[in-house]
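Q: I'd like to ask some things about the structure below.
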Amino acid sequence: MYDELTQCLKAEVQKGKKSFSWGRTLHCALKCADRRFYFWFRVWGYLFKTNKYGLRKFAKHRMTKLNRKYSTDINPRACIGAGLKIVHFPGVVIRGNSVIGKNAVIRQGVTIGARNSTDEGLTIIGDNVEIGANSCIIGDISIGNNVTIGALSLINKNVSDNTIVFSQNSIVYRNKGDEESITLTSIRYSQAS
């Protein structure tokens with residue numbers, strides 16, 4: 001777990017090619033607000049998962065405060081690989097039963113959640129996945145590696161590797177009294193080259 005913590009801190013806070021150093025990491029965390037989020041997110045997550053020094057309850061409390069400060073709701077039980085990048089923090093929700101691979105890019109308003117309170121399986125997201133703004137990934141599903149999910153997409157089925165997924169929306173104008181005209185959103189899958 002400690003090696004995973006240092007890999008995450010190097011990729012998300014320290015950045016660059018130099019080897020990991022707590023001094024460089026702390027300097028970067030103090031200097032940049034977004035890197036400060038990743039620093040505390042990883043430290044509190046590590047203490048929560050390992051219960052190091054009996055600090056699980058304290059780490060959960062600090063994680064809750066961090067989530068409130070940055071307008072996110074990321075469960076400390078979620079397993080997220082190194083290289084996480086949240087482009088805009090507000091509205092990001094990630095359930096505890098999530099496994100997200102390396103180099104994930106998440107934009108504002110993304111929800112990775114369960115269908116209902118009895119959903120106990122995992123939402124598995126592969127490496128190098130980019131998730132567009134206000135997208136929802138719902139349920140016990142698997143998303144492959146190198147997937148791009150377009151903005152405003154609803155994903156509730158498995159997605160294979162090297163795929164681009166987006167909602168194909170259309171705008172329908174209708175009179176206020178006309179209830180016959182309804183617009184449905186469909187999801188298209190295409191293989192990336």
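By order of appearance in the structure tokens: chains A, B, ..., then residues from 1 within every chain, and ligands from 1 in the order shown.
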Find the spatial neighbours of segment 17-21 of chain A, counting only C-alpha atoms, within a cut-off of 9 Å - ignore same-chain residues fewer than 6 positions away - and output them as a list in words.

A: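 Once the nearby chain positions are removed, what remains is Thr6, Gln7, Leu9 and Lys10 of chain A.
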
Q: Suppose we keep N, CA, C and O atoms; can you now write the selection as a PDB file, in the first residue's frame?

A:
ATOM      1  N   THR A   6       3.035   6.276  -2.730  1.00  0.00           N
ATOM      2  CA  THR A   6       4.107   7.104  -3.275  1.00  0.00           C
ATOM      3  C   THR A   6       4.021   7.224  -4.800  1.00  0.00           C
ATOM      4  O   THR A   6       4.313   8.286  -5.354  1.00  0.00           O
ATOM      5  N   GLN A   7       3.570   6.158  -5.493  1.00  0.00           N
ATOM      6  CA  GLN A   7       3.376   6.232  -6.945  1.00  0.00           C
ATOM      7  C   GLN A   7       2.308   7.264  -7.294  1.00  0.00           C
ATOM      8  O   GLN A   7       2.466   8.052  -8.221  1.00  0.00           O
ATOM      9  N   LEU A   9       1.273   9.818  -5.395  1.00  0.00           N
ATOM     10  CA  LEU A   9       1.740  11.163  -5.058  1.00  0.00           C
ATOM     11  C   LEU A   9       2.741  11.677  -6.088  1.00  0.00           C
ATOM     12  O   LEU A   9       2.719  12.856  -6.446  1.00  0.00           O
ATOM     13  N   LYS A  10       3.604  10.803  -6.588  1.00  0.00           N
ATOM     14  CA  LYS A  10       4.569  11.225  -7.611  1.00  0.00           C
ATOM     15  C   LYS A  10       3.847  11.624  -8.892  1.00  0.00           C
ATOM     16  O   LYS A  10       4.152  12.649  -9.494  1.00  0.00           O
TER      17      LYS A  10
END

Q: Just the residues within 7 Å of segment 104-116 of chain A, please, counting only C-alpha atoms, with nothing from its chain fewer than 3 positions along; format it as a VMD selection string.

A: chain A and resid 83 to 95 101 119 127 to 139

Q: For atom CA of Thr118 of chain A and atom CA of Val99 of chain A, quote the distance in Å rounded to one decimal.

A: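 Atom CA of Val99 of chain A lies 18.1 Å from atom CA of Thr118 of chain A.
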
Q: Determine the nearest neighbour of Lys65 of chain A from the options A:Arg77, A:Leu26, A:Phe41, A:Lys49, counting only C-alpha atoms.

A: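 Looking only at the distances to Lys65 of chain A, the closest residue turns out to be A:Phe41.
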
Q: Name the residues of segment 54-186 of chain A that fall into helix (DSSP H, G or I) according to DSSP on the backbone, using the chain letters and numbers of this document, as a PDB file with C-alpha atoms, in the first residue's frame.

A:
ATOM      1  CA  GLY A  54      -5.671   3.381  14.328  1.00  0.00           C
ATOM      2  CA  ARG A  56      -9.324   5.060  10.122  1.00  0.00           C
ATOM      3  CA  LYS A  57     -12.122   7.070  11.777  1.00  0.00           C
ATOM      4  CA  PHE A  58     -10.042  10.270  11.782  1.00  0.00           C
ATOM      5  CA  ALA A  59      -9.064   9.752   8.124  1.00  0.00           C
ATOM      6  CA  LYS A  60     -12.715   9.256   7.135  1.00  0.00           C
ATOM      7  CA  HIS A  61     -13.642  12.482   8.942  1.00  0.00           C
ATOM      8  CA  ARG A  62     -10.843  14.395   7.162  1.00  0.00           C
ATOM      9  CA  MET A  63     -11.844  12.870   3.811  1.00  0.00           C
ATOM     10  CA  THR A  64     -15.410  14.106   4.375  1.00  0.00           C
ATOM     11  CA  LYS A  65     -14.102  17.628   5.051  1.00  0.00           C
ATOM     12  CA  LEU A  66     -11.888  17.471   1.952  1.00  0.00           C
ATOM     13  CA  ASN A  67     -14.862  16.371  -0.167  1.00  0.00           C
ATOM     14  CA  ARG A  68     -16.937  19.282   1.131  1.00  0.00           C
ATOM     15  CA  LYS A  69     -14.162  21.800   0.494  1.00  0.00           C
TER      16      LYS A  69
END

Q: Find, counting only C-alpha atoms, the residue in A:Thr163, A:Tyr46, A:Trp40, A:Gln14 that gets nearest to Cys28 of chain A.

A: A:Gln14

Q: Write out as a PyMOL selection string which residues come within 8 Å of Ile100 of chain A when counting only C-alpha atoms, dropping same-chain ones fewer than 3 positions away.

A: chain A and resi 78-81+104+124-127

Q: Find, counting only C-alpha atoms, the residue in A:Arg36, A:Ser160, A:Gly45, A:Lys102 that gets nearest to Asn75 of chain A.

A: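 For Asn75 of chain A, the nearest of the candidates is A:Gly45.
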